[in-house]
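Heads up, the thing below is written out as structure tokens.
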Amino acid sequence: MTAISQDKDARTAAIKFYEPKIKDAAAQIAAIRAHETTLANRVAKFTRLSGCESDDPTCSTTHKTGCGHWCTYYAAQARTAKATLARDRVTDRAKIATLQAKIDDWQRAQTTETSSRVGAIAADQDLLAGQRGEHLLRV
């Protein structure tokens with residue numbers, strides 16, 4: 001096996017080990033952010049609908065101004081979504097920070113492992129080359 005193919009195998013082995021972990025953690029972060037975005041969109045939607053019901057007869061369900069049933073309903077939906085977002089955001093930030101730290105650690109470990117493996121392969125090649133040279137000198 002040549003040094004180049006050994007280097008490639010070392011790099012591939014490190015990638016195969018760390019890359020699935022990194023992708024999984026990144027997907028978890030993306031899911032958390034998507035959930036937060038969904039909640040933020042709900043807050044915006046229901047806040048807008050509540051305001052529409054109370055202030056604008058052209059977009060109101062009842063075509064009347066004033067905060068009636070629908071205005072109250074939409075305002076309650078907005079408050080619920082806002083409270084859920086605020087509650088989840090605290091734990092979500094901690095989860096994201098933990099996952100990002102793991103990703104950073106795995107990326108560093110992957111780089112370190114690849115470098116050490118490639119370095120070991122190069123050292124073995126240098127050792128073999130040195131032994132060949134000694135053999136030639138003795139002959």
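Letters A, B, ... mark the chains of the structure tokens in the order given; residue numbers begin at 1 per chain; ligand numbers begin at 1, in order shown.
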
Report task. Excluding Leu49 in chain A and residues on its chain fewer than 6 positions from it, collect all residues at most 9 Å away from it, counting only C-alpha atoms, and give them as a ChimeraX atom specification. Result -> /A:59-60,70-71,74-75

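For the atom pair formed by CA of Thr80 in chain A and CA of Val43 in chain A, the distance is 8.3 Å, given to one decimal.
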
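Here CA of Thr111 in chain A is placed at a distance of 10.0 Å from CA of Tyr18 in chain A.
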
Query raised in the report: Hey, can you check how far CA of Lys21 in chain A sits from CA of Thr84 in chain A?
Result: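 Calculated distance between CA of Lys21 in chain A and CA of Thr84 in chain A is 29.2 Å.
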
Query raised in the report: Could you pull the residues within 10 Å of Arg11 in chain A, counting only C-alpha atoms, minus those fewer than 6 positions along the same chain, as a list in words?
Result: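 Neighbouring residues, sequence-local ones excluded: Ser5, Gln110, Thr111, Glu113, Thr114, Ser115, Arg117 and Val118 of chain A.
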
Report task. For Lys102 in chain A, please output as a list in words all residues within 10 Å (counting only C-alpha atoms; exclusion window: fewer than 6 positions along the same chain). Result ->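 Here the answer would be Lys21, Ile22, Ala25, Ala26, Ile96 and Arg108 of chain A.
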
Writing out the chosen residues with C-alpha atoms as a PDB file, in the first residue's frame:
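As written to disk, result-v5.pdb reads:
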ATOM      1  CA  LYS A  21     -22.050  12.753  14.410  1.00  0.00           C
ATOM      2  CA  ILE A  22     -21.464  16.261  13.080  1.00  0.00           C
ATOM      3  CA  ALA A  25     -25.894  17.499  15.658  1.00  0.00           C
ATOM      4  CA  ALA A  26     -26.243  20.077  12.863  1.00  0.00           C
ATOM      5  CA  ILE A  96     -27.759  24.635  20.652  1.00  0.00           C
ATOM      6  CA  ARG A 108     -11.003  19.415  16.075  1.00  0.00           C
TER       7      ARG A 108
END
